[in-house]
>>> print(open('work00.txt').read())   # compact mmCIF, C-alpha atoms and all ligand atoms
# COMPACT_ATOMS: atom_id res chain seq x y z
CA MET A 4 52.86 -48.48 -66.72
CA ASN A 5 51.26 -50.93 -64.24
CA GLU A 6 54.35 -50.84 -62.02
CA ASN A 7 54.37 -47.04 -61.83
CA PRO A 8 53.40 -45.56 -58.46
CA ILE A 9 50.11 -44.07 -57.33
CA GLY A 10 50.48 -40.38 -56.38
CA VAL A 11 48.68 -39.12 -53.28
CA ILE A 12 48.54 -35.41 -52.45
CA ASP A 13 47.35 -33.27 -49.58
CA SER A 14 48.08 -29.85 -48.19
CA GLY A 15 49.98 -31.62 -45.40
CA ILE A 16 49.98 -34.76 -43.29
CA GLY A 17 46.18 -35.22 -43.34
CA GLY A 18 46.21 -37.36 -46.47
CA LEU A 19 48.32 -39.96 -44.65
CA THR A 20 45.08 -41.08 -42.99
CA ILE A 21 43.78 -41.88 -46.48
CA LEU A 22 47.07 -43.30 -47.77
CA ALA A 23 47.12 -45.78 -44.86
CA GLU A 24 43.73 -47.18 -45.96
CA ILE A 25 44.76 -47.36 -49.62
CA ILE A 26 47.95 -49.27 -48.69
CA LYS A 27 45.84 -51.78 -46.72
CA LYS A 28 43.58 -52.34 -49.71
CA LEU A 29 46.38 -52.36 -52.32
CA PRO A 30 49.50 -53.73 -50.60
CA ASP A 31 51.34 -54.55 -53.86
CA GLU A 32 51.18 -50.99 -55.20
CA SER A 33 53.94 -48.37 -54.96
CA PHE A 34 53.14 -44.88 -53.71
CA ILE A 35 54.44 -41.34 -53.78
CA TYR A 36 52.95 -39.13 -51.08
CA LEU A 37 53.35 -35.40 -51.59
CA ALA A 38 52.51 -32.95 -48.81
CA ASP A 39 52.47 -29.23 -49.50
CA SER A 40 53.32 -28.56 -45.85
CA LYS A 41 54.89 -25.19 -46.68
CA ASN A 42 51.54 -23.84 -47.87
CA CYS A 43 49.32 -25.65 -45.34
CA PRO A 44 46.55 -24.85 -44.41
CA TYR A 45 44.68 -24.59 -47.71
CA GLY A 46 41.33 -24.02 -45.94
CA PRO A 47 41.59 -20.20 -45.64
CA LYS A 48 42.92 -19.75 -49.22
CA THR A 49 40.90 -18.67 -52.26
CA SER A 50 39.88 -21.24 -54.92
CA VAL A 51 42.33 -19.63 -57.36
CA GLU A 52 45.20 -20.04 -54.88
CA ILE A 53 44.19 -23.63 -54.13
CA TYR A 54 44.02 -24.43 -57.84
CA ASN A 55 47.47 -22.94 -58.54
CA LEU A 56 49.07 -24.82 -55.65
CA SER A 57 47.39 -28.14 -56.53
CA LYS A 58 48.40 -27.78 -60.18
CA ARG A 59 52.08 -27.69 -59.18
CA LEU A 60 51.66 -30.79 -57.03
CA ILE A 61 50.08 -32.66 -59.92
CA GLU A 62 52.78 -31.50 -62.36
CA PHE A 63 55.43 -32.84 -59.97
CA LEU A 64 53.70 -36.23 -59.73
CA ILE A 65 53.30 -36.47 -63.49
CA LYS A 66 57.06 -35.88 -63.88
CA GLU A 67 57.55 -38.73 -61.39
CA LYS A 68 55.49 -40.90 -63.75
CA VAL A 69 52.61 -41.80 -61.47
CA LYS A 70 49.81 -43.82 -63.06
CA LEU A 71 46.93 -42.34 -61.04
CA ILE A 72 46.50 -39.44 -58.62
CA VAL A 73 44.46 -39.45 -55.42
CA ILE A 74 43.62 -36.02 -54.07
CA ALA A 75 43.48 -36.89 -50.38
CA CYS A 76 42.16 -33.44 -49.53
CA ASN A 77 38.53 -32.38 -49.34
CA THR A 78 39.41 -28.71 -49.71
CA ILE A 79 41.15 -29.28 -53.07
CA THR A 80 38.41 -31.67 -54.22
CA VAL A 81 35.52 -29.29 -53.57
CA SER A 82 37.25 -26.23 -54.94
CA CYS A 83 38.83 -27.46 -58.18
CA ILE A 84 38.80 -31.18 -58.99
CA GLU A 85 36.78 -30.68 -62.18
CA LYS A 86 39.23 -28.08 -63.49
CA LEU A 87 42.22 -30.28 -62.60
CA ARG A 88 40.66 -33.24 -64.43
CA LYS A 89 40.10 -31.03 -67.46
CA ASP A 90 43.66 -29.69 -67.39
CA PHE A 91 45.31 -33.10 -66.89
CA PRO A 92 43.24 -35.46 -69.05
CA GLN A 93 46.19 -37.85 -69.44
CA ILE A 94 45.85 -39.22 -65.91
CA PRO A 95 42.94 -40.51 -63.77
CA ILE A 96 42.34 -38.19 -60.79
CA ILE A 97 40.34 -39.41 -57.78
CA GLY A 98 39.04 -36.96 -55.21
CA THR A 99 37.79 -37.43 -51.69
CA VAL A 100 34.48 -39.21 -51.38
CA PRO A 101 32.20 -37.13 -49.18
CA VAL A 102 30.74 -39.03 -46.25
CA VAL A 103 27.38 -37.28 -46.35
CA LYS A 104 25.68 -40.27 -47.99
CA THR A 105 27.13 -42.81 -45.52
CA ALA A 106 26.26 -40.55 -42.62
CA SER A 107 22.64 -40.28 -43.77
CA LYS A 108 22.42 -44.09 -43.95
CA ASN A 109 23.84 -44.57 -40.47
CA THR A 110 21.90 -42.04 -38.40
CA LYS A 111 19.20 -43.38 -36.10
CA ASN A 112 17.80 -40.10 -34.80
CA GLY A 113 18.07 -38.22 -38.11
CA ARG A 114 20.56 -35.65 -36.77
CA ILE A 115 23.94 -35.47 -38.48
CA GLY A 116 26.99 -33.26 -38.00
CA ILE A 117 29.58 -32.53 -40.68
CA LEU A 118 32.91 -31.00 -39.69
CA SER A 119 35.31 -29.80 -42.37
CA THR A 120 37.36 -26.74 -43.30
CA LYS A 121 35.32 -23.57 -43.93
CA GLN A 122 36.08 -23.76 -47.64
CA THR A 123 34.54 -27.26 -47.80
CA ALA A 124 31.57 -26.45 -45.56
CA GLU A 125 30.66 -23.41 -47.65
CA SER A 126 31.21 -25.08 -51.01
CA LEU A 127 28.43 -25.72 -53.46
CA TYR A 128 29.78 -29.26 -53.77
CA GLN A 129 29.03 -30.04 -50.11
CA LYS A 130 25.75 -28.12 -50.07
CA ASN A 131 24.51 -30.04 -53.11
CA LEU A 132 25.36 -33.34 -51.44
CA ILE A 133 23.45 -32.32 -48.35
CA LYS A 134 20.46 -31.43 -50.53
CA LYS A 135 20.69 -34.76 -52.33
CA PHE A 136 21.16 -37.14 -49.39
CA GLY A 137 19.87 -35.12 -46.47
CA LYS A 138 16.15 -35.13 -47.27
CA GLY A 139 14.14 -35.35 -44.06
CA LEU A 140 17.29 -35.16 -41.91
CA LYS A 141 18.58 -32.38 -39.68
CA ILE A 142 22.15 -31.56 -40.66
CA LEU A 143 24.60 -29.21 -38.99
CA ASN A 144 27.38 -28.43 -41.47
CA LEU A 145 30.21 -26.54 -39.76
CA GLY A 146 33.59 -25.38 -41.01
CA THR A 147 36.65 -24.62 -38.92
CA ASP A 148 40.09 -23.43 -39.95
CA ARG A 149 41.58 -23.64 -36.47
CA LEU A 150 42.39 -27.34 -36.25
CA VAL A 151 44.48 -28.12 -39.34
CA SER A 152 47.51 -25.96 -38.41
CA LEU A 153 47.48 -27.32 -34.87
CA ILE A 154 47.56 -30.91 -36.13
CA GLU A 155 50.17 -30.04 -38.74
CA ASN A 156 52.45 -28.40 -36.18
CA GLY A 157 52.14 -31.31 -33.77
CA GLU A 158 50.57 -29.02 -31.16
CA ASP A 159 50.10 -30.41 -27.68
CA LYS A 160 46.99 -32.61 -27.49
CA ILE A 161 45.79 -30.80 -24.34
CA GLU A 162 45.73 -27.49 -26.25
CA ILE A 163 44.00 -29.11 -29.22
CA ARG A 164 41.42 -30.65 -26.90
CA LYS A 165 40.49 -27.26 -25.44
CA ILE A 166 39.81 -25.90 -28.93
CA LEU A 167 38.03 -29.08 -29.99
CA GLU A 168 35.65 -28.81 -27.05
CA LYS A 169 34.58 -25.36 -28.27
CA GLU A 170 34.31 -26.43 -31.91
CA LEU A 171 32.26 -29.54 -31.06
CA LYS A 172 29.86 -27.89 -28.60
CA PRO A 173 27.30 -26.96 -31.31
CA PHE A 174 27.13 -30.63 -32.36
CA ILE A 175 26.43 -31.72 -28.78
CA ASP A 176 23.69 -29.07 -28.47
CA PHE A 177 22.25 -30.23 -31.79
CA LYS A 178 22.12 -33.82 -30.44
CA ILE A 179 23.78 -35.50 -33.42
CA ASP A 180 24.28 -39.26 -33.44
CA VAL A 181 26.65 -39.30 -36.45
CA LEU A 182 29.58 -36.99 -37.17
CA ALA A 183 31.10 -37.02 -40.66
CA LEU A 184 34.71 -35.83 -40.83
CA GLY A 185 35.04 -33.83 -44.04
CA CYS A 186 38.74 -33.04 -43.72
CA SER A 187 41.51 -35.60 -44.03
CA HIS A 188 43.41 -34.09 -41.09
CA PHE A 189 40.61 -34.72 -38.59
CA PRO A 190 40.92 -38.52 -38.23
CA PHE A 191 44.15 -37.72 -36.35
CA LEU A 192 41.85 -36.41 -33.61
CA LYS A 193 39.30 -39.21 -33.71
CA LYS A 194 40.06 -40.44 -30.19
CA GLU A 195 39.68 -36.95 -28.70
CA ILE A 196 36.53 -36.24 -30.73
CA GLN A 197 34.98 -39.53 -29.58
CA GLU A 198 35.78 -38.72 -25.94
CA ILE A 199 34.15 -35.30 -26.20
CA LEU A 200 31.04 -36.44 -28.10
CA GLY A 201 30.64 -39.70 -26.16
CA ASN A 202 30.55 -43.31 -27.31
CA LYS A 203 27.04 -43.15 -28.73
CA VAL A 204 28.06 -40.86 -31.57
CA LEU A 205 29.34 -42.64 -34.67
CA ILE A 206 32.32 -40.89 -36.28
CA LEU A 207 32.83 -41.46 -40.00
CA ASP A 208 35.61 -40.54 -42.36
CA SER A 209 36.01 -41.18 -46.06
CA SER A 210 39.32 -43.09 -46.15
CA GLY A 211 37.72 -46.54 -46.68
CA ALA A 212 35.53 -45.28 -49.51
CA ILE A 213 38.48 -43.57 -51.25
CA ALA A 214 40.57 -46.76 -50.97
CA ARG A 215 37.73 -48.78 -52.54
CA GLN A 216 37.32 -46.19 -55.29
CA THR A 217 41.09 -46.25 -56.02
CA LYS A 218 40.99 -50.04 -56.43
CA ARG A 219 37.91 -49.85 -58.68
CA ILE A 220 39.57 -47.32 -61.00
CA LEU A 221 42.85 -49.27 -61.18
CA ILE A 222 40.86 -52.37 -62.19
CA SER A 223 38.70 -50.58 -64.73
CA GLU A 224 41.74 -48.83 -66.30
CA ASN A 225 43.74 -52.06 -66.27
CA LEU A 226 46.42 -50.45 -64.12
CA LEU A 227 46.82 -52.86 -61.19
CA SER A 228 50.43 -53.70 -60.31
CA GLU A 229 51.37 -57.24 -61.24
CA TYR A 230 54.40 -57.69 -58.96
CA ASN A 231 54.71 -57.47 -55.22
CA LYS A 232 57.41 -54.78 -55.17
CA SER A 233 55.87 -51.95 -53.24
CA VAL A 234 58.06 -48.85 -52.84
CA LYS A 235 56.88 -45.85 -50.87
CA SER A 236 58.33 -42.35 -51.13
CA PHE A 237 57.30 -39.30 -49.17
CA TYR A 238 57.91 -35.72 -50.26
CA THR A 239 57.16 -32.52 -48.44
CA THR A 240 57.59 -28.88 -49.42
CA GLY A 241 57.95 -27.95 -45.73
CA ASP A 242 59.79 -29.07 -42.60
CA LEU A 243 61.18 -32.51 -43.39
CA TYR A 244 62.02 -33.50 -39.82
CA ARG A 245 58.52 -32.85 -38.50
CA PHE A 246 56.81 -34.46 -41.45
CA GLU A 247 59.01 -37.54 -41.29
CA ARG A 248 58.46 -38.02 -37.57
CA ILE A 249 54.69 -37.90 -37.92
CA ALA A 250 54.62 -40.03 -41.07
CA ARG A 251 56.78 -42.71 -39.45
CA ILE A 252 54.64 -42.88 -36.35
CA TYR A 253 51.44 -42.92 -38.29
CA LEU A 254 52.34 -45.30 -41.10
CA ASN A 255 55.01 -47.35 -39.37
CA ALA A 256 56.91 -46.47 -42.51
CA GLY A 257 60.36 -47.72 -41.52
CA LYS A 258 61.66 -48.49 -44.99
CA SER A 259 60.26 -45.48 -46.76
CA ILE A 260 62.24 -42.70 -48.37
CA PHE A 261 61.62 -39.15 -47.21
CA GLU A 262 62.69 -36.11 -49.16
CA LYS A 263 62.19 -32.38 -49.07
CA ILE A 264 61.46 -30.72 -52.41
CA LYS A 265 61.20 -27.18 -53.65
CA LEU A 266 58.21 -26.48 -55.87
N1 LIG B 301 43.32 -31.98 -45.22
C1 LIG B 301 42.68 -31.13 -46.12
C2 LIG B 301 41.21 -31.42 -46.27
O1 LIG B 301 40.85 -32.57 -46.31
C3 LIG B 301 43.04 -29.66 -46.12
C4 LIG B 301 43.13 -28.95 -44.87
C5 LIG B 301 43.76 -27.59 -45.04
O2 LIG B 301 44.88 -27.53 -45.58
O3 LIG B 301 43.15 -26.61 -44.62
O4 LIG B 301 40.41 -30.54 -46.38
>>> encode(input="work00.txt", output="structure tokens")
Amino acid sequence: MNENPIGVIDSGIGGLTILAEIIKKLPDESFIYLADSKNCPYGPKTSVEIYNLSKRLIEFLIKEKVKLIVIACNTITVSCIEKLRKDFPQIPIIGTVPVVKTASKNTKNGRIGILSTKQTAESLYQKNLIKKFGKGLKILNLGTDRLVSLIENGEDKIEIRKILEKELKPFIDFKIDVLALGCSHFPFLKKEIQEILGNKVLILDSSGAIARQTKRILISENLLSEYNKSVKSFYTTGDLYRFERIARIYLNAGKSIFEKIKL
């Protein structure tokens, strides 16, 4: 069991930003990354749709004998992680770790921005976190469903930048000094976001925290790999060529195996 891979899922390429951090922390582990690119974006979908799609991804990974699943998607985490854990009790499932707490620790002027998909921004999950950690702080919690498809389709950065400028304007007006990225696709735009917001704004994402959490759970469940034989496989339900190109650039994943699957 210890040599079985870790499964990582997302609606698309976004979760690669999280996978990269987990690989750094756990270099001896094997991984299966599964992107539901055909159905991306999940943001505008209903919770029932998101649950049904995620369930199929998890069933696929269980057939592939993964030992643990990381949901590298905030939208899935906030809409149905509890139900997924209940329906698949045989396997540990880790969700995204919201950065609200870290953001509240790092702000100097008490003004925080959170940018995620609309589904995440409007979720009770996120609102409860803001209530819990945001006492005494001013928080602007905004959702956008315009960016994920653009990132996923490899849209021209100049076009993305124009849209980003509009989406980020409210944060500039609100004078935030920390921006928490609540969607795993957004770290792909970190450089552009930093340029628009300026160097004084700290941009946080949750990949480091998820990687630490994955290691903690593997240790506590006695599931750490004992041999240095890491194998990485990448599956997508969508356009293989596009996915592979982006995954290779992002992960420098020369020796990995890419495959298109039908779910
Ligand atoms: N990357 C995902 C997230 O973290 C989902 C984005 C989407 O498919 O809309 O929320």
>>> closest_atom_pairs(input="work00.txt", of="stretch 26-61 of chain A", to="stretch 114-131 of chain A", cutoff="10 Å", atoms="only C-alpha atoms", output="CSV")
residue,atom,partner,partner_atom,distance
A:Pro44,CA,A:Thr120,CA,9.4
A:Tyr45,CA,A:Gln122,CA,8.6
A:Gly46,CA,A:Thr120,CA,5.5
A:Pro47,CA,A:Gln122,CA,6.9
A:Lys48,CA,A:Gln122,CA,8.1
A:Thr49,CA,A:Gln122,CA,8.4
A:Ser50,CA,A:Gln122,CA,8.6
>>> axis_aligned_box(input="work00.txt", around="stretch 111-128 of chain A", padding_each_side="4 Å", output="JSON")
{"center_x": 27.6, "center_y": -33.4, "center_z": -44.3, "size_x": 27.6, "size_y": 28.0, "size_z": 27.0}
>>> residues_around(input="work00.txt", residues="stretch 216-219 of chain A", least_positions_apart="2", cutoff="9 Å", atoms="all atoms listed in the file", output="list in words")
Ile25, Lys28, Leu29, Leu71, Val73, Ile97, Val100, Gly211, Ala212, Ile213, Ala214, Leu221, Ile222, Ser223, Glu224 and Leu227 of chain A
>>> atom_distance(input="work00.txt", atom1="atom CA of A:Val181", atom2="atom CA of A:Glu85")
29.0 Å
>>> closest_residue(input="work00.txt", among="A:Met4, A:Thr20, A:Ser57, A:Ile84", to="A:Leu192", atoms="all atoms listed in the file")
A:Thr20
>>> residues_near_point(input="work00.txt", point="(41.2, -32.9, -51.6)", cutoff="10 Å", atoms="only C-alpha atoms", output="JSON, numbers by chain")
{"A": [11, 12, 13, 14, 17, 18, 45, 57, 73, 74, 75, 76, 77, 78, 79, 80, 81, 82, 83, 84, 97, 98, 99, 100, 123, 185, 186, 187]}
>>> residues_around(input="work00.txt", residues="A:Lys178", least_positions_apart="4", cutoff="12 Å", atoms="all atoms listed in the file", output="count of residues only")
19
>>> closest_residue(input="work00.txt", among="A:Ile94, A:Leu243, A:Val103, A:Val234", to="A:Glu32", atoms="only C-alpha atoms")
A:Val234
>>> decode(input="work00.txt", residues="stretch 32-150 of chain A", atoms="C-alpha atoms", output="CSV table (one decimal), in the first residue's frame")
chain,number,residue,atom,x,y,z
A,32,GLU,CA,6.1,9.6,-3.6
A,33,SER,CA,4.4,8.6,-6.9
A,34,PHE,CA,1.5,10.6,-8.2
A,35,ILE,CA,-1.5,10.4,-10.5
A,36,TYR,CA,-2.9,13.8,-11.5
A,37,LEU,CA,-6.4,13.9,-12.9
A,38,ALA,CA,-7.8,17.0,-14.6
A,39,ASP,CA,-11.4,17.1,-15.6
A,40,SER,CA,-10.5,19.6,-18.4
A,41,LYS,CA,-13.6,18.6,-20.4
A,42,ASN,CA,-15.9,19.9,-17.7
A,43,CYS,CA,-13.8,22.9,-16.6
A,44,PRO,CA,-14.7,25.4,-15.2
A,45,TYR,CA,-16.5,24.0,-12.2
A,46,GLY,CA,-17.1,27.5,-10.7
A,47,PRO,CA,-20.4,28.3,-12.5
A,48,LYS,CA,-21.8,24.8,-11.9
A,49,THR,CA,-24.3,23.8,-9.1
A,50,SER,CA,-23.1,21.9,-6.0
A,51,VAL,CA,-25.0,18.8,-7.3
A,52,GLU,CA,-23.2,18.9,-10.6
A,53,ILE,CA,-19.8,19.5,-8.9
A,54,TYR,CA,-20.5,16.5,-6.6
A,55,ASN,CA,-21.4,14.2,-9.5
A,56,LEU,CA,-18.3,15.1,-11.5
A,57,SER,CA,-15.9,14.9,-8.5
A,58,LYS,CA,-17.4,11.5,-7.5
A,59,ARG,CA,-16.4,10.1,-11.0
A,60,LEU,CA,-12.9,11.4,-10.6
A,61,ILE,CA,-12.5,9.8,-7.2
A,62,GLU,CA,-13.9,6.5,-8.5
A,63,PHE,CA,-11.3,6.5,-11.2
A,64,LEU,CA,-8.5,7.1,-8.8
A,65,ILE,CA,-9.7,4.4,-6.4
A,66,LYS,CA,-9.6,2.0,-9.4
A,67,GLU,CA,-6.0,3.1,-10.0
A,68,LYS,CA,-5.3,2.1,-6.4
A,69,VAL,CA,-4.2,5.4,-5.0
A,70,LYS,CA,-3.5,5.5,-1.2
A,71,LEU,CA,-4.7,9.1,-0.6
A,72,ILE,CA,-6.6,11.7,-2.5
A,73,VAL,CA,-5.8,15.5,-2.6
A,74,ILE,CA,-8.6,17.6,-3.9
A,75,ALA,CA,-6.5,20.4,-5.4
A,76,CYS,CA,-9.6,22.5,-6.0
A,77,ASN,CA,-11.2,25.0,-3.7
A,78,THR,CA,-14.5,24.9,-5.6
A,79,ILE,CA,-14.9,21.1,-5.0
A,80,THR,CA,-13.7,21.4,-1.4
A,81,VAL,CA,-16.2,24.1,-0.4
A,82,SER,CA,-19.1,22.5,-2.1
A,83,CYS,CA,-18.9,18.8,-1.3
A,84,ILE,CA,-15.8,17.5,0.6
A,85,GLU,CA,-17.8,16.4,3.6
A,86,LYS,CA,-20.1,14.3,1.4
A,87,LEU,CA,-17.2,12.8,-0.6
A,88,ARG,CA,-15.5,11.8,2.7
A,89,LYS,CA,-18.7,10.2,3.8
A,90,ASP,CA,-19.2,8.3,0.5
A,91,PHE,CA,-15.6,7.1,0.2
A,92,PRO,CA,-14.6,6.3,3.8
A,93,GLN,CA,-12.0,3.8,2.6
A,94,ILE,CA,-9.5,6.5,1.6
A,95,PRO,CA,-8.2,9.7,3.2
A,96,ILE,CA,-9.3,12.8,1.3
A,97,ILE,CA,-7.5,16.1,1.8
A,98,GLY,CA,-9.1,19.3,0.6
A,99,THR,CA,-7.6,22.7,-0.1
A,100,VAL,CA,-6.6,24.6,3.0
A,101,PRO,CA,-8.1,28.1,2.9
A,102,VAL,CA,-5.6,30.9,3.2
A,103,VAL,CA,-7.9,33.2,5.2
A,104,LYS,CA,-6.1,32.4,8.5
A,105,THR,CA,-2.6,33.0,7.1
A,106,ALA,CA,-3.8,36.2,5.4
A,107,SER,CA,-5.2,37.5,8.7
A,108,LYS,CA,-1.8,36.8,10.4
A,109,ASN,CA,0.2,38.6,7.7
A,110,THR,CA,-1.8,41.8,7.2
A,111,LYS,CA,-0.3,45.0,8.6
A,112,ASN,CA,-3.1,47.4,7.8
A,113,GLY,CA,-5.9,45.0,8.6
A,114,ARG,CA,-7.3,45.0,5.0
A,115,ILE,CA,-7.4,41.7,3.2
A,116,GLY,CA,-8.6,40.6,-0.2
A,117,ILE,CA,-9.7,37.1,-1.1
A,118,LEU,CA,-10.1,36.2,-4.8
A,119,SER,CA,-11.7,32.9,-5.7
A,120,THR,CA,-14.4,31.5,-8.0
A,121,LYS,CA,-17.9,32.7,-7.2
A,122,GLN,CA,-19.0,29.4,-5.9
A,123,THR,CA,-16.1,29.5,-3.3
A,124,ALA,CA,-16.7,33.2,-2.4
A,125,GLU,CA,-20.4,32.7,-1.8
A,126,SER,CA,-19.9,29.4,0.1
A,127,LEU,CA,-20.8,29.0,3.8
A,128,TYR,CA,-17.4,27.4,4.2
A,129,GLN,CA,-15.5,30.5,3.2
A,130,LYS,CA,-17.9,32.9,5.0
A,131,ASN,CA,-17.5,30.9,8.2
A,132,LEU,CA,-13.7,31.1,7.9
A,133,ILE,CA,-13.9,34.8,7.5
A,134,LYS,CA,-16.1,35.1,10.6
A,135,LYS,CA,-13.7,32.9,12.5
A,136,PHE,CA,-10.4,34.5,11.6
A,137,GLY,CA,-11.4,37.9,10.3
A,138,LYS,CA,-12.4,39.6,13.6
A,139,GLY,CA,-11.5,43.2,13.6
A,140,LEU,CA,-10.2,43.0,10.0
A,141,LYS,CA,-11.7,44.5,6.8
A,142,ILE,CA,-12.1,41.8,4.3
A,143,LEU,CA,-13.1,42.0,0.6
A,144,ASN,CA,-14.2,38.6,-0.5
A,145,LEU,CA,-14.8,38.5,-4.3
A,146,GLY,CA,-15.6,35.7,-6.7
A,147,THR,CA,-14.9,35.7,-10.4
A,148,ASP,CA,-15.7,33.0,-13.0
A,149,ARG,CA,-14.0,34.8,-15.9
A,150,LEU,CA,-10.3,33.8,-15.3
